[in-house]
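Colleague: Have a peek at upload-v6.txt (compact mmCIF, C-alpha atoms).
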```txt
# COMPACT_ATOMS: atom_id res chain seq x y z
CA LYS N 1314 15.55 -29.90 -53.41
CA CYS N 1315 17.19 -33.28 -53.07
CA GLU N 1316 16.86 -34.48 -49.49
CA VAL N 1317 17.36 -38.23 -49.73
CA THR N 1318 20.26 -40.63 -49.86
CA ASP N 1319 19.21 -43.75 -51.73
CA ASP N 1320 21.25 -46.77 -52.80
CA PHE N 1321 19.57 -46.87 -56.21
CA PHE N 1322 18.90 -43.22 -56.94
CA ASP N 1323 21.34 -40.33 -56.70
CA CYS N 1324 19.84 -36.88 -56.87
CA THR N 1325 22.79 -35.00 -55.41
CA SER N 1326 24.50 -34.44 -58.76
CA HIS N 1327 22.41 -31.29 -59.35
CA GLN N 1328 21.98 -32.41 -62.96
CA VAL N 1329 18.28 -33.17 -62.48
CA PRO N 1330 15.99 -30.14 -63.00
CA VAL N 1331 13.60 -31.14 -60.19
CA ASN N 1332 11.68 -27.87 -59.91
CA GLU N 1333 11.40 -27.31 -63.66
CA VAL N 1334 9.96 -30.78 -64.21
CA HIS N 1335 7.55 -30.23 -61.29
CA VAL N 1336 6.30 -27.00 -62.87
CA ILE N 1337 5.74 -28.70 -66.24
CA PHE N 1338 3.84 -31.65 -64.73
CA SER N 1339 1.68 -29.45 -62.53
CA TRP N 1340 0.97 -27.04 -65.40
CA ILE N 1341 -0.21 -29.90 -67.65
CA SER N 1342 -2.42 -31.13 -64.81
CA LEU N 1343 -3.86 -27.65 -64.30
CA VAL N 1344 -4.62 -27.17 -68.01
CA ALA N 1345 -6.31 -30.58 -68.20
CA ALA N 1346 -8.40 -29.77 -65.11
CA SER N 1347 -9.39 -26.44 -66.65
CA VAL N 1348 -10.45 -28.11 -69.91
CA THR N 1349 -12.46 -30.62 -67.88
CA VAL N 1350 -14.33 -27.93 -65.97
CA ALA N 1351 -14.94 -25.73 -69.01
CA ALA N 1352 -16.07 -28.55 -71.33
CA SER N 1353 -18.31 -30.26 -68.78
CA THR N 1354 -19.91 -26.98 -67.70
CA LEU N 1355 -20.57 -26.03 -71.30
CA LEU N 1356 -22.00 -29.45 -72.19
CA TYR N 1357 -24.19 -29.74 -69.10
CA ALA N 1358 -25.50 -26.21 -69.46
CA MET N 1359 -26.36 -26.58 -73.13
CA ILE N 1360 -27.82 -30.09 -72.98
CA GLY N 1361 -30.07 -28.86 -70.18
CA LEU N 1362 -31.53 -26.29 -72.54
CA VAL N 1363 -32.17 -28.72 -75.39
CA PRO N 1364 -35.72 -30.12 -75.54
CA ALA N 1365 -35.93 -33.87 -74.84
CA GLU N 1366 -36.55 -34.71 -78.48
CA GLY N 1367 -33.35 -32.88 -79.49
CA VAL N 1368 -30.95 -34.67 -77.11
CA ALA N 1369 -30.02 -37.39 -79.62
CA GLU N 1370 -29.31 -34.76 -82.26
CA PHE N 1371 -27.26 -32.72 -79.74
CA ILE N 1372 -25.18 -35.78 -78.89
CA LEU N 1373 -24.64 -36.53 -82.58
CA GLN N 1374 -23.74 -32.90 -83.37
CA PHE N 1375 -21.26 -32.50 -80.48
CA ARG N 1376 -19.98 -36.07 -80.08
CA HIS N 1377 -16.39 -34.89 -80.53
CA LEU N 1378 -16.68 -32.82 -77.33
CA LEU N 1379 -18.52 -35.35 -75.16
CA GLY N 1380 -15.36 -37.21 -74.20
CA ALA N 1381 -13.31 -34.09 -73.42
CA PRO N 1382 -14.21 -33.93 -69.70
CA THR N 1383 -13.33 -37.60 -69.17
CA ILE N 1384 -10.09 -37.35 -71.14
CA GLY N 1385 -9.25 -34.13 -69.28
CA VAL N 1386 -9.75 -35.81 -65.90
CA ILE N 1387 -7.61 -38.76 -66.95
CA ILE N 1388 -4.77 -36.48 -68.13
CA CYS N 1389 -5.10 -34.32 -65.02
CA VAL N 1390 -4.90 -37.26 -62.63
CA ILE N 1391 -2.05 -38.94 -64.52
CA PHE N 1392 0.13 -35.83 -64.53
CA TRP N 1393 -0.81 -34.95 -60.96
CA TYR N 1394 0.20 -38.47 -59.94
CA ILE N 1395 3.48 -38.27 -61.89
CA ASP N 1396 4.20 -34.90 -60.27
CA VAL N 1397 3.58 -36.26 -56.76
CA MET N 1398 5.74 -39.31 -57.45
CA TRP N 1399 8.44 -37.11 -58.97
CA THR N 1400 8.64 -34.80 -55.95
CA ALA N 1401 8.34 -37.74 -53.50
CA LEU N 1402 11.27 -39.41 -55.23
CA PHE N 1403 13.53 -36.52 -54.31
CA LYS N 1404 12.05 -36.09 -50.85
CA HIS N 1405 11.73 -39.73 -49.71
CA GLY N 1406 13.51 -41.96 -52.22
CA LEU N 1407 12.62 -45.10 -54.13
CA GLN N 1408 11.76 -47.16 -51.06
CA LEU N 1409 8.53 -45.18 -50.62
CA VAL N 1410 7.84 -44.36 -54.27
CA ILE N 1411 8.00 -47.91 -55.70
CA PRO N 1412 5.31 -49.46 -53.44
CA LEU N 1413 3.04 -46.45 -53.94
CA ALA N 1414 3.59 -46.60 -57.70
CA ILE N 1415 2.73 -50.30 -57.85
CA ILE N 1416 -0.47 -49.86 -55.85
CA SER N 1417 -1.45 -46.81 -57.91
CA MET N 1418 -0.86 -48.60 -61.20
CA MET N 1419 -3.06 -51.50 -60.10
CA VAL N 1420 -5.89 -49.10 -59.22
CA ALA N 1421 -5.37 -47.10 -62.43
CA THR N 1422 -5.41 -50.24 -64.58
CA TYR N 1423 -8.69 -51.35 -63.05
CA LEU N 1424 -10.27 -47.92 -63.49
CA LEU N 1425 -9.13 -47.63 -67.10
CA TYR N 1426 -10.49 -51.10 -67.80
CA GLN N 1427 -13.87 -50.06 -66.36
CA TYR N 1428 -13.78 -46.81 -68.33
CA PHE N 1429 -13.23 -48.55 -71.67
CA LYS N 1430 -15.82 -51.22 -70.83
CA MET N 1431 -18.43 -48.54 -69.99
CA LYS N 1432 -17.47 -46.48 -73.03
CA SER N 1433 -18.00 -49.47 -75.29
CA PHE N 1434 -21.37 -50.22 -73.69
CA VAL N 1435 -22.56 -46.61 -73.97
CA ARG N 1436 -21.29 -46.30 -77.54
CA GLY N 1437 -23.25 -49.38 -78.56
CA LYS N 1438 -26.46 -48.08 -76.96
CA LEU N 1439 -25.99 -44.62 -78.50
CA GLU N 1440 -25.44 -46.12 -81.95
CA LEU N 1441 -28.70 -48.05 -81.61
CA VAL N 1442 -30.59 -44.91 -80.61
CA LEU N 1443 -28.98 -42.73 -83.25
CA ASN N 1444 -29.52 -45.30 -86.00
CA SER N 1445 -33.18 -45.65 -85.07
CA THR N 1446 -33.51 -41.84 -85.03
CA GLU N 1447 -31.91 -41.50 -88.48
CA THR N 1448 -34.09 -44.22 -90.05
CA SER N 1449 -37.30 -42.79 -88.60
CA VAL N 1450 -36.62 -39.26 -89.89
```
Could you rewrite the structure in this file as structure tokens?
Modeller:
Amino acid sequence: KCEVTDDFFDCTSHQVPVNEVHVIFSWISLVAASVTVAASTLLYAMIGLVPAEGVAEFILQFRHLLGAPTIGVIICVIFWYIDVMWTALFKHGLQLVIPLAIISMMVATYLLYQYFKMKSFVRGKLELVLNSTETSV
């Protein structure tokens, strides 16, 4: 429901499907969170059962699934954030949403930078381990 009068944003035209967009954003966030929980639970449970000498082979065999929990969390948080900003826009207007969006984007940019930096570091270390495992076999 549109409850704000804003100089820059008019939501009183009833042309904006506020609730429908909210449902879509929250559904995407829920699905991503579910994938995160399912994939991480499956990976942690199975890697815990693998003997220590088989961990490198497990990682190599299921490398396509190892990033699913992280990607799921990123998608979940992004769509949850968009949903909150979307509903806040209609409840409080741009004067609240813009400062929050700027601060959030600064934090998100830093976290994504750290994520890609760590991913590159881990990938390099894993390649060294996997290459040494393949040459010794």
Colleague: I'd like the contact shell of range 1341-1356 of chain N - 12 Å cut-off, all atoms listed in the file, skipping same-chain residues fewer than 2 positions apart - returned as JSON, numbers by chain.
Modeller: {"N": [1334, 1335, 1336, 1337, 1338, 1339, 1358, 1359, 1360, 1361, 1362, 1363, 1368, 1371, 1372, 1374, 1375, 1376, 1377, 1378, 1379, 1380, 1381, 1382, 1383, 1384, 1385, 1386, 1387, 1388, 1389, 1390, 1391, 1392, 1393, 1394, 1395, 1396, 1397]}
Colleague: Measuring atom to atom with all atoms listed in the file, identify which of N:Arg1436, N:Tyr1357, N:Ser1445, N:Val1331 is nearest to Lys1404 in chain N.
Modeller: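 Checking each candidate against Lys1404 in chain N, we get N:Val1331 as the closest.
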Colleague: Between N:Leu1373, N:Leu1441, N:Met1398, N:Leu1424, which is the closest to Pro1412 in chain N once you count only C-alpha atoms?
Modeller: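 Counting only C-alpha atoms, the residue closest to Pro1412 in chain N is N:Met1398.
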Colleague: Quick one: distance from CA of Thr1422 in chain N to CA of Gly1406 in chain N in Å, one decimal?
Modeller: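 Taking CA of Thr1422 in chain N and CA of Gly1406 in chain N, their separation equals 24.1 Å.
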Colleague: Of the candidates N:Leu1443, N:Val1329, N:Ala1421, N:Ile1415, which shows the shortest atom-to-atom distance to Glu1370 in chain N, using all atoms listed in the file?
Modeller: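 When distances to Glu1370 in chain N are compared using all atoms listed in the file, the smallest one comes from N:Leu1443.
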Colleague: First collect every listed atom of range 1342-1356 of chain N; then fit an axis-aligned box around them, widen it by 5 Å on each side, and give centre and edge lengths in Å to one decimal, as AutoDock Vina command-line options.
Modeller:
```
--center_x -12.2 --center_y -28.4 --center_z -68.2 --size_x 29.6 --size_y 15.4 --size_z 17.9
```
Colleague: May I ask for the distance between CA of Leu1407 in chain N and CA of Tyr1426 in chain N, given in Å to one decimal place?
Modeller: 27.5 Å
Colleague: Just the number, please: distance in Å from CA of Leu1413 in chain N to CA of Lys1430 in chain N, one decimal.
Modeller: 25.8 Å
Colleague: Kindly indicate which residue among N:Ser1417, N:Asn1332, N:Trp1340, N:Ala1369 lies nearest to Val1442 in chain N, using all atoms listed in the file for the distances.
Modeller: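 Smallest separation from Val1442 in chain N among the options: N:Ala1369.
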